[in-house]
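Chemist: Handing you a structure now.
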Amino acid sequence: MRAPWPLLLLLLLSGVRRTAGYKPVIIVHGLLDGPKQFKTLSQFITKVHPGTEVSVLDLYNGISSLKPMWRQVRDFRQAVYPIMQKASGGVHFLCFSQGGLICRALLATIPDHNVHTFISLSSPQAGQYGDTSYLRWLFPTYLKRTVFRICYNRYGQKVSFCDYWNDPHHRSLFLQSNNFLALLNGDKPHREMKAWRENFLRITKLVLIGGPDDGVITPWQSSHFGFYDRNENIVETRNQKFYARDSFGLKTLDAQGGVSVCVHSGVRHTSWHSNYTVFNSCIEEWLI
């Protein structure tokens, strides 16, 4: 029996809307990464949401990712803005590791951005402090307790890694010398704080993904805005000063139900973006 043509038309149109209705996804890679590391993640997205426009930004790849963070933010802004302008329904940010901080800086500094959901995938949002393989590669003769000597001066602040090195034992030096993370989190007052907060709060959803077996993000709770106190005990997100003060809008977004936290054990740092279980349980539902 042939279906009535109005029903066929309705089914056809609903299929078009389903395919065309997905917002574009902008992916920003992490330290020493590049687009090739995100082919699997891109395939995950287009498999479950056919027709999605996925842009893996081809900037500051490999060792170039060590350039100062604000320089990278400037150039990533030039790359994302045309994508935003073409997307009348908004876009999603999916940003890995160091890329999560770049994306948050973009959200803070683009007053007319149209990012709907910001997915922060194993990113040191509250900073980094730990003896990891990345640290040993960057500074082979230094341990975490001495890296501040490199990072907390004007030369160290020209290396991206130092822009978010947050030594809990040298808090005053961090606040004095850091001109990226300390500003972004509102730890150091500045004249753009109000505007940055308003810009950040243009997003509808913030998804924070991380886990205890990451092996690079240290403490791993930094991926959820938790961090060490001076005794290296974990201070959870809602007990952080920048949360209590609502310095950049995190508390407000959380109160609105706009923050989702996803924790996965057994996932190493370089495997987050190729783990289908992580994608299925933490990412897929937000990319609509």
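The chains in the structure tokens are called A, B, ... from first to last as shown; in each chain the residues are counted from 1, and the ligands are counted from 1 in the order shown.
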May I have all residues of range 48-258 of chain A that DSSP, computed from the backbone, assigns to strand (DSSP E), given as a short mmCIF file (atom, residue, chain, number, x, y, z; two decimals) with N, CA, C and O atoms, in the first residue's frame?
Modeler:
```cif
data_model
loop_
_atom_site.label_atom_id
_atom_site.label_comp_id
_atom_site.auth_asym_id
_atom_site.auth_seq_id
_atom_site.Cartn_x
_atom_site.Cartn_y
_atom_site.Cartn_z
N VAL A 54 32.26 19.68 10.89
CA VAL A 54 33.29 19.59 11.93
C VAL A 54 34.55 20.28 11.43
O VAL A 54 35.09 19.92 10.38
N SER A 55 35.01 21.26 12.17
CA SER A 55 36.23 21.99 11.82
C SER A 55 37.30 21.74 12.87
O SER A 55 37.16 22.17 14.02
N VAL A 56 38.35 21.00 12.49
CA VAL A 56 39.49 20.80 13.37
C VAL A 56 40.53 21.85 12.97
O VAL A 56 41.13 21.75 11.90
N VAL A 91 27.30 27.57 17.33
CA VAL A 91 28.29 26.52 17.17
C VAL A 91 28.58 25.87 18.52
O VAL A 91 28.17 26.37 19.57
N HIS A 92 29.30 24.75 18.47
CA HIS A 92 29.81 24.11 19.68
C HIS A 92 31.33 24.15 19.67
O HIS A 92 31.96 23.99 18.61
N PHE A 93 31.93 24.33 20.83
CA PHE A 93 33.37 24.19 21.02
C PHE A 93 33.65 22.83 21.66
O PHE A 93 33.04 22.48 22.68
N LEU A 94 34.60 22.09 21.09
CA LEU A 94 35.07 20.84 21.68
C LEU A 94 36.59 20.96 21.75
O LEU A 94 37.27 20.88 20.73
N CYS A 95 37.11 21.16 22.93
CA CYS A 95 38.50 21.60 23.06
C CYS A 95 39.26 20.72 24.03
O CYS A 95 38.82 20.50 25.17
N PHE A 96 40.42 20.25 23.58
CA PHE A 96 41.18 19.26 24.33
C PHE A 96 42.41 19.86 25.00
O PHE A 96 43.17 20.61 24.39
N VAL A 115 28.67 30.63 20.70
CA VAL A 115 28.94 29.27 21.15
C VAL A 115 27.81 28.82 22.08
O VAL A 115 27.53 29.47 23.09
N HIS A 116 27.19 27.73 21.73
CA HIS A 116 26.10 27.19 22.54
C HIS A 116 26.65 26.32 23.67
O HIS A 116 26.37 26.55 24.84
N THR A 117 27.46 25.32 23.31
CA THR A 117 28.02 24.39 24.28
C THR A 117 29.54 24.38 24.17
O THR A 117 30.09 24.29 23.07
N PHE A 118 30.19 24.49 25.31
CA PHE A 118 31.65 24.40 25.39
C PHE A 118 31.99 23.10 26.11
O PHE A 118 31.72 22.96 27.30
N ILE A 119 32.59 22.17 25.38
CA ILE A 119 33.02 20.89 25.95
C ILE A 119 34.51 20.95 26.19
O ILE A 119 35.31 21.06 25.25
N SER A 120 34.89 20.91 27.45
CA SER A 120 36.29 20.98 27.86
C SER A 120 36.76 19.55 28.15
O SER A 120 36.38 18.95 29.16
N LEU A 121 37.57 19.01 27.26
CA LEU A 121 37.99 17.61 27.32
C LEU A 121 39.37 17.50 27.94
O LEU A 121 40.38 17.82 27.31
N LYS A 205 25.78 25.86 27.83
CA LYS A 205 26.22 24.64 28.52
C LYS A 205 27.74 24.56 28.56
O LYS A 205 28.42 24.83 27.57
N LEU A 206 28.25 24.15 29.73
CA LEU A 206 29.67 23.86 29.92
C LEU A 206 29.78 22.41 30.36
O LEU A 206 29.18 22.01 31.36
N VAL A 207 30.53 21.62 29.59
CA VAL A 207 30.71 20.20 29.89
C VAL A 207 32.18 19.98 30.25
O VAL A 207 33.08 20.26 29.44
N LEU A 208 32.43 19.50 31.46
CA LEU A 208 33.78 19.31 31.97
C LEU A 208 34.07 17.82 32.08
O LEU A 208 33.40 17.10 32.83
N ILE A 209 35.08 17.36 31.33
CA ILE A 209 35.38 15.93 31.25
C ILE A 209 36.80 15.67 31.72
O ILE A 209 37.74 16.36 31.31
N GLY A 210 36.97 14.68 32.57
CA GLY A 210 38.30 14.30 33.05
C GLY A 210 38.22 13.05 33.90
O GLY A 210 37.13 12.51 34.13
N PHE A 227 41.49 22.18 42.43
CA PHE A 227 42.94 22.35 42.44
C PHE A 227 43.49 22.17 43.85
O PHE A 227 42.76 22.06 44.82
N TYR A 228 44.84 22.15 43.93
CA TYR A 228 45.53 21.99 45.20
C TYR A 228 45.46 23.26 46.05
O TYR A 228 45.47 24.38 45.52
N ILE A 234 43.25 18.59 47.74
CA ILE A 234 42.35 19.06 46.71
C ILE A 234 41.25 19.96 47.28
O ILE A 234 40.57 19.61 48.25
N VAL A 235 41.11 21.13 46.66
CA VAL A 235 39.99 22.02 46.95
C VAL A 235 39.02 21.88 45.79
O VAL A 235 39.35 22.18 44.64
#
```
Chemist: Could I get the residues of range 5-100 of chain A with an atom no further than 12 Å from an atom of range 271-278 of chain A, each paired with its nearest atom pair and that distance in Å to one decimal, using only C-alpha atoms, sorted by chain and residue number, as a Markdown table?
Modeler:
```
| residue | atom | partner | partner_atom | distance |
| --- | --- | --- | --- | --- |
| A:Ile27 | CA | A:His273 | CA | 10.5 |
| A:Val28 | CA | A:His273 | CA | 11.4 |
| A:His29 | CA | A:His273 | CA | 9.8 |
| A:Gly30 | CA | A:His273 | CA | 10.8 |
| A:Asp33 | CA | A:His273 | CA | 11.6 |
| A:Pro35 | CA | A:His273 | CA | 11.6 |
| A:Lys36 | CA | A:His273 | CA | 11.4 |
| A:Gln37 | CA | A:His273 | CA | 8.1 |
| A:Phe38 | CA | A:His273 | CA | 6.7 |
| A:Lys39 | CA | A:Ser274 | CA | 8.6 |
| A:Thr40 | CA | A:Ser274 | CA | 5.7 |
| A:Leu41 | CA | A:His273 | CA | 5.7 |
| A:Ser42 | CA | A:His273 | CA | 9.2 |
| A:Gln43 | CA | A:Ser274 | CA | 9.7 |
| A:Phe44 | CA | A:Tyr276 | CA | 7.5 |
| A:Ile45 | CA | A:Tyr276 | CA | 10.3 |
| A:Lys47 | CA | A:Tyr276 | CA | 11.6 |
| A:Val48 | CA | A:Tyr276 | CA | 11.4 |
| A:Leu94 | CA | A:His273 | CA | 10.0 |
| A:Cys95 | CA | A:His273 | CA | 9.8 |
| A:Phe96 | CA | A:His273 | CA | 7.8 |
| A:Ser97 | CA | A:Trp272 | CA | 9.7 |
```
Chemist: Give the answer as one residue: which of A:Val261, A:Asn166, A:Arg230, A:Glu236 has the shortest atom-to-atom distance to Ile283 in chain A, using only C-alpha atoms?
Modeler: A:Val261
Chemist: When DSSP is applied to the backbone of this structure, which of range 35-255 of chain A are assigned alpha helix (DSSP H)? Write them out as an MDAnalysis selection string.
Modeler: chainID A and resid 39:48 69:86 98:109 133:138 148:151 171:177 181:184 193:200 241:244 250:255
Chemist: Next, dump the selected residues to file, keeping only C-alpha atoms, as a PDB file, in the first residue's frame.
Modeler:
```pdb
ATOM      1  CA  LYS A  39      40.299  12.212  12.880  1.00  0.00           C
ATOM      2  CA  THR A  40      38.703   9.525  15.038  1.00  0.00           C
ATOM      3  CA  LEU A  41      36.749  12.059  17.082  1.00  0.00           C
ATOM      4  CA  SER A  42      35.541  13.761  13.903  1.00  0.00           C
ATOM      5  CA  GLN A  43      34.374  10.394  12.585  1.00  0.00           C
ATOM      6  CA  PHE A  44      32.513   9.691  15.826  1.00  0.00           C
ATOM      7  CA  ILE A  45      30.627  12.965  15.415  1.00  0.00           C
ATOM      8  CA  THR A  46      29.662  12.568  11.769  1.00  0.00           C
ATOM      9  CA  LYS A  47      28.643   8.946  12.285  1.00  0.00           C
ATOM     10  CA  VAL A  48      26.063   9.698  14.978  1.00  0.00           C
ATOM     11  CA  MET A  69      48.810  31.525  24.893  1.00  0.00           C
ATOM     12  CA  TRP A  70      47.537  35.008  24.100  1.00  0.00           C
ATOM     13  CA  ARG A  71      49.233  34.883  20.693  1.00  0.00           C
ATOM     14  CA  GLN A  72      47.483  31.604  20.002  1.00  0.00           C
ATOM     15  CA  VAL A  73      44.170  32.996  21.212  1.00  0.00           C
ATOM     16  CA  ARG A  74      44.527  35.923  18.814  1.00  0.00           C
ATOM     17  CA  ASP A  75      45.055  33.676  15.805  1.00  0.00           C
ATOM     18  CA  PHE A  76      42.462  31.086  16.794  1.00  0.00           C
ATOM     19  CA  ARG A  77      39.990  33.967  17.107  1.00  0.00           C
ATOM     20  CA  GLN A  78      40.611  34.844  13.470  1.00  0.00           C
ATOM     21  CA  ALA A  79      39.996  31.205  12.529  1.00  0.00           C
ATOM     22  CA  VAL A  80      36.783  30.641  14.501  1.00  0.00           C
ATOM     23  CA  TYR A  81      35.053  33.928  13.800  1.00  0.00           C
ATOM     24  CA  PRO A  82      34.136  33.240  10.135  1.00  0.00           C
ATOM     25  CA  ILE A  83      32.709  29.845  11.167  1.00  0.00           C
ATOM     26  CA  MET A  84      30.593  31.538  13.819  1.00  0.00           C
ATOM     27  CA  GLN A  85      29.345  34.175  11.395  1.00  0.00           C
ATOM     28  CA  LYS A  86      28.119  31.531   8.953  1.00  0.00           C
ATOM     29  CA  GLN A  98      45.623  23.129  26.431  1.00  0.00           C
ATOM     30  CA  GLY A  99      43.013  23.806  23.758  1.00  0.00           C
ATOM     31  CA  GLY A 100      40.376  24.012  26.487  1.00  0.00           C
ATOM     32  CA  LEU A 101      42.096  27.069  27.918  1.00  0.00           C
ATOM     33  CA  ILE A 102      42.417  28.622  24.477  1.00  0.00           C
ATOM     34  CA  CYS A 103      38.698  28.123  23.948  1.00  0.00           C
ATOM     35  CA  ARG A 104      37.812  29.631  27.308  1.00  0.00           C
ATOM     36  CA  ALA A 105      39.918  32.663  26.459  1.00  0.00           C
ATOM     37  CA  LEU A 106      38.051  32.913  23.153  1.00  0.00           C
ATOM     38  CA  LEU A 107      34.724  32.825  24.991  1.00  0.00           C
ATOM     39  CA  ALA A 108      35.926  35.574  27.319  1.00  0.00           C
ATOM     40  CA  THR A 109      37.262  37.888  24.631  1.00  0.00           C
ATOM     41  CA  SER A 133      56.004  13.073  30.959  1.00  0.00           C
ATOM     42  CA  TYR A 134      55.216  16.425  29.332  1.00  0.00           C
ATOM     43  CA  LEU A 135      57.074  18.275  32.065  1.00  0.00           C
ATOM     44  CA  ARG A 136      60.098  15.994  31.770  1.00  0.00           C
ATOM     45  CA  TRP A 137      60.129  16.528  28.013  1.00  0.00           C
ATOM     46  CA  LEU A 138      59.899  20.298  28.332  1.00  0.00           C
ATOM     47  CA  PHE A 148      58.339  28.161  39.030  1.00  0.00           C
ATOM     48  CA  ARG A 149      61.885  29.507  38.578  1.00  0.00           C
ATOM     49  CA  ILE A 150      61.434  29.154  34.831  1.00  0.00           C
ATOM     50  CA  CYS A 151      57.773  29.979  34.498  1.00  0.00           C
ATOM     51  CA  ARG A 171      50.927  31.720  44.965  1.00  0.00           C
ATOM     52  CA  SER A 172      52.159  35.295  45.258  1.00  0.00           C
ATOM     53  CA  LEU A 173      54.663  34.785  42.427  1.00  0.00           C
ATOM     54  CA  PHE A 174      51.946  33.237  40.286  1.00  0.00           C
ATOM     55  CA  LEU A 175      49.686  36.224  40.792  1.00  0.00           C
ATOM     56  CA  GLN A 176      52.514  38.642  40.206  1.00  0.00           C
ATOM     57  CA  SER A 177      53.906  37.133  37.022  1.00  0.00           C
ATOM     58  CA  LEU A 181      45.386  31.945  33.732  1.00  0.00           C
ATOM     59  CA  ALA A 182      45.386  34.397  36.645  1.00  0.00           C
ATOM     60  CA  LEU A 183      43.426  36.850  34.473  1.00  0.00           C
ATOM     61  CA  LEU A 184      41.149  34.248  32.923  1.00  0.00           C
ATOM     62  CA  MET A 193      36.714  41.242  34.186  1.00  0.00           C
ATOM     63  CA  LYS A 194      33.089  42.346  33.887  1.00  0.00           C
ATOM     64  CA  ALA A 195      33.089  42.149  30.082  1.00  0.00           C
ATOM     65  CA  TRP A 196      34.846  38.775  30.055  1.00  0.00           C
ATOM     66  CA  ARG A 197      32.327  37.407  32.535  1.00  0.00           C
ATOM     67  CA  GLU A 198      29.402  38.597  30.428  1.00  0.00           C
ATOM     68  CA  ASN A 199      30.965  37.114  27.313  1.00  0.00           C
ATOM     69  CA  PHE A 200      31.569  33.749  28.984  1.00  0.00           C
ATOM     70  CA  LYS A 241      37.678  31.396  45.518  1.00  0.00           C
ATOM     71  CA  PHE A 242      36.992  32.151  41.858  1.00  0.00           C
ATOM     72  CA  TYR A 243      33.780  30.119  42.153  1.00  0.00           C
ATOM     73  CA  ALA A 244      32.651  31.744  45.419  1.00  0.00           C
ATOM     74  CA  LEU A 250      31.107  29.763  36.670  1.00  0.00           C
ATOM     75  CA  LYS A 251      28.897  29.967  39.774  1.00  0.00           C
ATOM     76  CA  THR A 252      26.128  31.691  37.842  1.00  0.00           C
ATOM     77  CA  LEU A 253      26.252  29.138  35.031  1.00  0.00           C
ATOM     78  CA  ASP A 254      26.201  26.315  37.573  1.00  0.00           C
ATOM     79  CA  ALA A 255      23.196  27.815  39.369  1.00  0.00           C
TER      80      ALA A 255
END
```
Chemist: Can you measure CA of Asp229 in chain A to CA of Gly249 in chain A for me? One decimal in Å is fine.
Modeler: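 Spanning CA of Asp229 in chain A to CA of Gly249 in chain A is a straight-line distance of 21.8 Å.
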Chemist: Tell me which of A:Leu66, A:Ile26, A:Leu201, A:Val159 sits closest to Gln256 in chain A, counting only C-alpha atoms.
Modeler: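 Residue with the minimum atom-to-atom distance to Gln256 in chain A: A:Leu201.
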Chemist: So which residues touch Ser222 in chain A within 7 Å, counting only C-alpha atoms, skipping near sequence neighbours fewer than 2 positions away, as a list in words?
Modeler: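 Counting only C-alpha atoms, the residues come to Pro124, Gln125, Ala126, Gly127, Thr218, Pro219, Trp220, His224, Phe225, Gly226 and Phe227 of chain A.
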Chemist: I need the chosen residues saved as a short mmCIF file (atom, residue, chain, number, x, y, z; two decimals), in the first residue's frame, with N, CA, C and O atoms.
Modeler:
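Heads up, here's the output in result-v3.cif:
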```
data_model
loop_
_atom_site.label_atom_id
_atom_site.label_comp_id
_atom_site.auth_asym_id
_atom_site.auth_seq_id
_atom_site.Cartn_x
_atom_site.Cartn_y
_atom_site.Cartn_z
N PRO A 124 43.33 21.57 31.74
CA PRO A 124 43.73 22.08 33.06
C PRO A 124 43.12 23.45 33.36
O PRO A 124 43.82 24.46 33.45
N GLN A 125 41.82 23.48 33.54
CA GLN A 125 41.11 24.74 33.67
C GLN A 125 41.51 25.53 34.91
O GLN A 125 41.42 26.75 34.92
N ALA A 126 41.95 24.85 35.95
CA ALA A 126 42.42 25.55 37.16
C ALA A 126 43.93 25.59 37.23
O ALA A 126 44.50 26.05 38.23
N GLY A 127 44.60 25.12 36.17
CA GLY A 127 46.05 25.14 36.15
C GLY A 127 46.66 23.75 36.19
O GLY A 127 45.97 22.74 36.30
N THR A 218 47.36 17.51 36.10
CA THR A 218 47.66 17.32 37.52
C THR A 218 47.40 18.60 38.30
O THR A 218 47.96 19.64 37.96
N PRO A 219 46.55 18.51 39.33
CA PRO A 219 45.74 17.35 39.67
C PRO A 219 44.67 17.12 38.61
O PRO A 219 44.27 18.07 37.93
N TRP A 220 44.21 15.90 38.49
CA TRP A 220 43.22 15.62 37.44
C TRP A 220 41.93 16.41 37.66
O TRP A 220 41.21 16.73 36.71
N HIS A 224 38.00 19.82 36.14
CA HIS A 224 36.68 20.22 36.62
C HIS A 224 36.76 21.49 37.47
O HIS A 224 35.84 21.78 38.22
N PHE A 225 37.88 22.22 37.38
CA PHE A 225 38.13 23.45 38.12
C PHE A 225 38.47 23.22 39.59
O PHE A 225 38.44 24.15 40.38
N GLY A 226 38.82 22.00 39.97
CA GLY A 226 39.37 21.77 41.30
C GLY A 226 40.87 21.96 41.25
O GLY A 226 41.48 21.92 40.19
N PHE A 227 41.49 22.18 42.43
CA PHE A 227 42.94 22.35 42.44
C PHE A 227 43.49 22.17 43.85
O PHE A 227 42.76 22.06 44.82
#
```
Chemist: Report the distance between CA of Ser123 in chain A and CA of Gly211 in chain A in Å, rounded to one decimal place.
Modeler: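 Computing it gives 10.7 Å between the two atoms.
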Chemist: Extract, using only C-alpha atoms, all DNA, RNA and protein residues at most 8 Å from Gly215 in chain A, discarding same-chain residues fewer than 5 positions from it, and format them as a VMD selection string.
Modeler: chain A and resid 132 220 268 to 269
Chemist: Between A:Arg245, A:Lys67, A:Lys144, A:His49, which one has atoms that come closest to Gly156 in chain A, using only C-alpha atoms?
Modeler: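 Between A:Arg245, A:Lys67, A:Lys144, A:His49, the residue approaching Gly156 in chain A most closely is A:Lys67.
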Chemist: For CA of Gly51 in chain A and CA of Lys23 in chain A, determine how far apart the two atoms are, in Å to one decimal place.
Modeler: 9.7 Å
Chemist: Using only C-alpha atoms, which of the listed residues (A:Gly266, A:Ser260, A:Gln128, A:Pro68) sits closest to Trp286 in chain A?
Modeler: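 When distances to Trp286 in chain A are compared using only C-alpha atoms, the smallest one comes from A:Ser260.
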